[in-house]
Amino acid sequence: MLKYKRILQNGIPGFLLLITVYTAPSLAQDNAPQISPTWLWGAAQLVPSPQWVTKDPGLRFGLRWQVTPVLYSFGLNHRVNRWRFLVVEPLARQNGSLEFYISPEYLDLGHSAKDHWLVRGGLRAYFPIYRYGEYVSGSFSPAIYSYQDKQGISYEAGVYFFFGILGFQATYAPALETGRWIFTIRLRYF
Amino acid sequence: MTKLMKLLFITLIVVSVSGCTAIHSTINATGRNIAAFLRTPRKIENKITDPYLPAARLAVLWIGHATVLIQIDDKIILTDPNLMNTVGQFSKRLVEPGIDPENLPELSAVLISHMHIDHLSPASIDLICEKIHQLLIPQGGMVYIPDFAFSIDELAEWQTWEKDGLRITAVPAVHNGWRYGLDGAWMKTSFTGYLIEYNGIKVHFAGDTAYDRDLFIRIGERFPDIDLTLVPVAPIHPREYSKARHTDPAEAIQIFQDLKADFLTPIHFDTFAESADTLGEAVSILRKEISAKGLADNQVVILEHGEQYTYLRQEPSQVAGN
């Protein structure tokens, strides 16, 4: 558990600092669109993605929400600011990017709140597969989760269509006794 | 029958008898689109393989939708290239592109009018990127243009780009600049029309626009003696939605008259299954409007997909000299 806390405390800020130094020239650009959260964006983020978690025997239903505090896009034109905070256009995300995300998830497991809620945070790398990622893109993400007062590492892979609005994600959490696999139909708009 | 099925059934009945044009139009458009997905785009026989016309001063080849190949003397300009089989996987192409990408000549400039997925197609640009010398986009549009090897410039309203005598000015249009919908909150400037000038010839490309009398009169005053205007005539339906965004045939003719242009060629119709208009409807209405307004036959040049038309020719002595 301490090991994971150290990763959280040192690894992620260190990584973000590295990206900041690497991409400092693009921060100087002044032609970035004035993107900020809107009510419509907020409403879109409330739409959950349905998911199914393995529980011997069978599958249990769940819901997943995701928020992106920060993302760096490799797929945008070099003349525009490639950093995004919370609000991320599909091209910026799906055409190659690295995002830090936080994901609260409801799982139909057990009886208490701590059986129902899993939270994970991680770094997800998106890569375009077809037509600048707007048609098809993929992702890979290691994450750290917290469930039933325990922390662990999970690995997630995903494939996305229709500007990233529809996607399929599979998560493998080797240390979880129940819910080792989670399959998500990701619905996400911005 | 479950409650959900009953609710769906009742909703469909209510919609069917309500006369709600917008919902009817959406259902019609969806139905047409589904049907179109089952068909292959209509073939164009005898496609032009060498579109450069040495004897032409002003010629246009309509590739489809808002994709137009404009030749002014030795300069070739392409507008809103979309050579894909669908518009962003949603709307199917009804007619194949009017020219094969490999037969496009070197392009002095490619113009993007706005960010909508039927007008900005990065994959189409990718297909022809080796032929492009310059890409011009509206102000604020760079965020949706991935990196390419050729030069890309944003133009603000009334700003002019110029090279080797070719002048292209961003002129106002009444539309919107979003690509995905929600981005309309901040993509406030990324839509435009263009005015192309070369060797005294002027061509107006309206992009997508609604009608605004004062605006087009102003463009006409600022650029007198426009030779040709390319104006969208669809989608027509549902009119209560489209009127604020798209000109219909009557409004396209009005723009032509406000600009005091010599020729009008309609664009943006019958190429993708993206509206509730029936095939041929826009042209049929346009012909009636031409007749009602008493316009001469040769003032409005209606092109078929893949058809090329020469509006102005060089004098025979000039041709001999070439």
# chains A, B, ... in the order shown; residues from 1 in each chain; ligands from 1
$ residues_around --residues "segment 84-90 of chain A" --least-positions-apart "5" --cutoff "6 Å" --atoms "only C-alpha atoms" --output "ChimeraX atom specification"
/A:68-71,163,190
$ write_last_selection --atoms "C-alpha atoms" --output "mmCIF file, in the first residue's frame"
data_model
loop_
_atom_site.group_PDB
_atom_site.id
_atom_site.type_symbol
_atom_site.label_atom_id
_atom_site.label_comp_id
_atom_site.auth_asym_id
_atom_site.auth_seq_id
_atom_site.Cartn_x
_atom_site.Cartn_y
_atom_site.Cartn_z
ATOM 1 C CA THR A 68 -9.807 14.297 -16.976
ATOM 2 C CA PRO A 69 -8.063 16.913 -14.835
ATOM 3 C CA VAL A 70 -5.265 17.254 -17.380
ATOM 4 C CA LEU A 71 -4.389 15.933 -20.839
ATOM 5 C CA PHE A 163 -15.059 10.437 -32.440
ATOM 6 C CA PHE A 190 -15.779 15.651 -24.501
#
$ interface_residues --of "chain B" --to "chain A" --cutoff "12 Å" --atoms "only C-alpha atoms" --output "PyMOL selection string"
chain B and resi 84+86-90+115+117+121-127+139-149+151-154+177-190
$ residues_around --residues "Thr178 of chain A" --least-positions-apart "5" --cutoff "8 Å" --atoms "only C-alpha atoms" --output "ChimeraX atom specification"
/A:54-56
$ write_last_selection --atoms "C-alpha atoms" --output "PDB file, in the first residue's frame"
ATOM      1  CA  THR A  54     -16.804 -10.530 -13.054  1.00  0.00           C
ATOM      2  CA  LYS A  55     -18.028 -12.197  -9.903  1.00  0.00           C
ATOM      3  CA  ASP A  56     -17.847 -15.912  -9.646  1.00  0.00           C
TER       4      ASP A  56
END
$ residues_around --residues "segment 138-155 of chain A" --least-positions-apart "5" --cutoff "8 Å" --atoms "only C-alpha atoms" --output "list of chain:residue names"
A:Met1, A:Tyr4, A:Gln94, A:Lys114, A:Asp115, A:Trp117, A:Leu118, A:Val119, A:Arg120, A:Gly121, A:Gly122, A:Leu123, A:Arg124, A:Ala125, A:Tyr126, A:Phe127, A:Pro128, A:Ile129, A:Tyr160, A:Thr171, A:Tyr172, A:Ala173, A:Pro174, A:Ala175, A:Leu176
$ residues_around --residues "His237 of chain B" --least-positions-apart "5" --cutoff "8 Å" --atoms "only C-alpha atoms" --output "list in words"
Ser25, Ser242, Ser275, Ala276 and Asp277 of chain B
$ write_last_selection --atoms "N, CA and C atoms" --output "JSON list (two decimals), in the first residue's frame"
[["chain", "number", "residue", "atom", "x", "y", "z"],
["B", 25, "SER", "N", -38.81, 15.47, -40.49],
["B", 25, "SER", "CA", -37.62, 15.61, -41.32],
["B", 25, "SER", "C", -36.48, 14.76, -40.79],
["B", 242, "SER", "N", -33.17, 25.04, -40.65],
["B", 242, "SER", "CA", -32.09, 25.32, -41.61],
["B", 242, "SER", "C", -31.97, 26.80, -41.96],
["B", 275, "SER", "N", -29.67, 15.10, -45.28],
["B", 275, "SER", "CA", -30.79, 16.00, -45.02],
["B", 275, "SER", "C", -32.09, 15.30, -45.40],
["B", 276, "ALA", "N", -33.19, 15.98, -45.11],
["B", 276, "ALA", "CA", -34.50, 15.40, -45.42],
["B", 276, "ALA", "C", -34.95, 15.78, -46.83],
["B", 277, "ASP", "N", -34.12, 16.51, -47.57],
["B", 277, "ASP", "CA", -34.48, 16.88, -48.94],
["B", 277, "ASP", "C", -34.52, 15.62, -49.80]]
$ residues_around --residues "Leu264 of chain B" --least-positions-apart "4" --cutoff "12 Å" --atoms "only C-alpha atoms" --output "PyMOL selection string"
chain B and resi 60+203-206+226-233+249+251-260+286+290+295-303+311
$ write_last_selection --atoms "N, CA and C atoms" --output "compact mmCIF listing (two decimals), in the first residue's frame"
# COMPACT_ATOMS: atom_id res chain seq x y z
N VAL B 60 -14.77 25.65 -63.64
CA VAL B 60 -15.09 24.98 -62.37
C VAL B 60 -15.47 23.54 -62.63
N VAL B 203 -13.92 35.26 -57.79
CA VAL B 203 -14.84 34.16 -57.50
C VAL B 203 -15.18 34.20 -56.01
N HIS B 204 -16.46 34.14 -55.73
CA HIS B 204 -16.92 34.11 -54.33
C HIS B 204 -17.35 32.69 -54.00
N PHE B 205 -16.76 32.15 -52.91
CA PHE B 205 -17.16 30.83 -52.40
C PHE B 205 -17.84 31.08 -51.06
N ALA B 206 -19.12 30.78 -50.99
CA ALA B 206 -19.91 31.18 -49.80
C ALA B 206 -19.69 30.26 -48.61
N ILE B 226 -17.83 40.78 -59.38
CA ILE B 226 -17.57 39.36 -59.10
C ILE B 226 -18.04 38.55 -60.31
N ASP B 227 -17.17 37.66 -60.76
CA ASP B 227 -17.52 36.88 -61.95
C ASP B 227 -18.43 35.71 -61.60
N LEU B 228 -18.09 35.02 -60.51
CA LEU B 228 -18.83 33.80 -60.20
C LEU B 228 -19.03 33.69 -58.70
N THR B 229 -20.22 33.27 -58.29
CA THR B 229 -20.42 32.94 -56.88
C THR B 229 -20.89 31.50 -56.76
N LEU B 230 -20.29 30.80 -55.81
CA LEU B 230 -20.65 29.40 -55.54
C LEU B 230 -21.41 29.39 -54.22
N VAL B 231 -22.69 29.07 -54.28
CA VAL B 231 -23.56 29.23 -53.11
C VAL B 231 -24.32 27.93 -52.84
N PRO B 232 -24.40 27.53 -51.56
CA PRO B 232 -25.17 26.32 -51.24
C PRO B 232 -26.67 26.53 -51.44
N VAL B 233 -27.35 25.49 -51.87
CA VAL B 233 -28.81 25.56 -52.07
C VAL B 233 -29.54 24.53 -51.20
N PRO B 249 -32.66 27.51 -52.37
CA PRO B 249 -32.42 28.01 -53.74
C PRO B 249 -32.82 29.47 -53.93
N GLU B 251 -32.87 31.88 -51.74
CA GLU B 251 -31.90 32.75 -51.05
C GLU B 251 -30.55 32.75 -51.78
N ALA B 252 -30.21 31.61 -52.39
CA ALA B 252 -28.96 31.54 -53.16
C ALA B 252 -29.02 32.52 -54.32
N ILE B 253 -30.17 32.58 -54.97
CA ILE B 253 -30.33 33.53 -56.08
C ILE B 253 -30.28 34.96 -55.56
N GLN B 254 -30.83 35.17 -54.39
CA GLN B 254 -30.81 36.51 -53.80
C GLN B 254 -29.36 36.94 -53.52
N ILE B 255 -28.55 36.00 -53.02
CA ILE B 255 -27.12 36.31 -52.77
C ILE B 255 -26.44 36.69 -54.09
N PHE B 256 -26.72 35.91 -55.11
CA PHE B 256 -26.16 36.16 -56.45
C PHE B 256 -26.51 37.58 -56.91
N GLN B 257 -27.75 37.99 -56.65
CA GLN B 257 -28.18 39.33 -57.07
C GLN B 257 -27.60 40.42 -56.17
N ASP B 258 -27.52 40.14 -54.85
CA ASP B 258 -26.92 41.12 -53.93
C ASP B 258 -25.46 41.38 -54.27
N LEU B 259 -24.76 40.32 -54.66
CA LEU B 259 -23.34 40.45 -54.99
C LEU B 259 -23.13 41.10 -56.35
N LYS B 260 -24.18 41.09 -57.16
CA LYS B 260 -24.11 41.55 -58.56
C LYS B 260 -23.07 40.74 -59.35
N LEU B 286 -34.70 25.38 -57.62
CA LEU B 286 -33.83 26.41 -58.19
C LEU B 286 -34.29 26.79 -59.59
N ILE B 290 -35.32 30.46 -60.89
CA ILE B 290 -34.65 31.11 -62.02
C ILE B 290 -35.71 31.67 -62.97
N LEU B 295 -34.29 35.20 -64.79
CA LEU B 295 -32.85 35.19 -65.06
C LEU B 295 -32.57 34.51 -66.39
N ALA B 296 -31.48 34.95 -67.02
CA ALA B 296 -31.09 34.33 -68.29
C ALA B 296 -30.59 32.92 -68.04
N ASP B 297 -30.76 32.07 -69.04
CA ASP B 297 -30.39 30.65 -68.91
C ASP B 297 -28.93 30.46 -68.51
N ASN B 298 -28.06 31.30 -69.07
CA ASN B 298 -26.64 31.06 -68.83
C ASN B 298 -26.11 31.75 -67.57
N GLN B 299 -26.98 32.44 -66.84
CA GLN B 299 -26.50 33.11 -65.62
C GLN B 299 -26.32 32.13 -64.47
N VAL B 300 -27.19 31.14 -64.39
CA VAL B 300 -27.09 30.13 -63.33
C VAL B 300 -26.65 28.82 -63.98
N VAL B 301 -25.46 28.42 -63.64
CA VAL B 301 -24.88 27.21 -64.25
C VAL B 301 -24.98 26.07 -63.25
N ILE B 302 -25.89 25.13 -63.52
CA ILE B 302 -26.09 24.00 -62.60
C ILE B 302 -25.26 22.82 -63.12
N LEU B 303 -24.30 22.41 -62.32
CA LEU B 303 -23.38 21.34 -62.75
C LEU B 303 -23.82 20.00 -62.18
N TYR B 311 -16.44 29.23 -67.74
CA TYR B 311 -17.22 30.46 -67.69
C TYR B 311 -16.58 31.54 -68.56
$ residues_around --residues "Trp52 of chain A" --least-positions-apart "6" --cutoff "7 Å" --atoms "only C-alpha atoms" --output "list of chain:residue names"
A:Leu59, A:Arg60, A:Phe61, A:Gly62, A:Ile182, A:Phe183, A:Thr184
$ closest_residue --among "A:Tyr72, A:Gly42, A:Ser112, A:Ile185" --to "Glu99 of chain A" --atoms "only C-alpha atoms"
A:Tyr72
$ select_by_dssp --residues "segment 38-184 of chain B" --states "alpha helix (DSSP H)" --output "MDAnalysis selection string"
chainID B and resid 122:127
$ write_last_selection --atoms "C-alpha atoms" --output "PDB file, in the first residue's frame"
ATOM      1  CA  PRO B 122      -8.530  15.654 -42.485  1.00  0.00           C
ATOM      2  CA  ALA B 123      -8.531  12.205 -44.142  1.00  0.00           C
ATOM      3  CA  SER B 124      -9.391  13.800 -47.504  1.00  0.00           C
ATOM      4  CA  ILE B 125      -6.641  16.354 -47.058  1.00  0.00           C
ATOM      5  CA  ASP B 126      -4.309  13.485 -46.251  1.00  0.00           C
ATOM      6  CA  LEU B 127      -5.216  11.808 -49.561  1.00  0.00           C
TER       7      LEU B 127
END
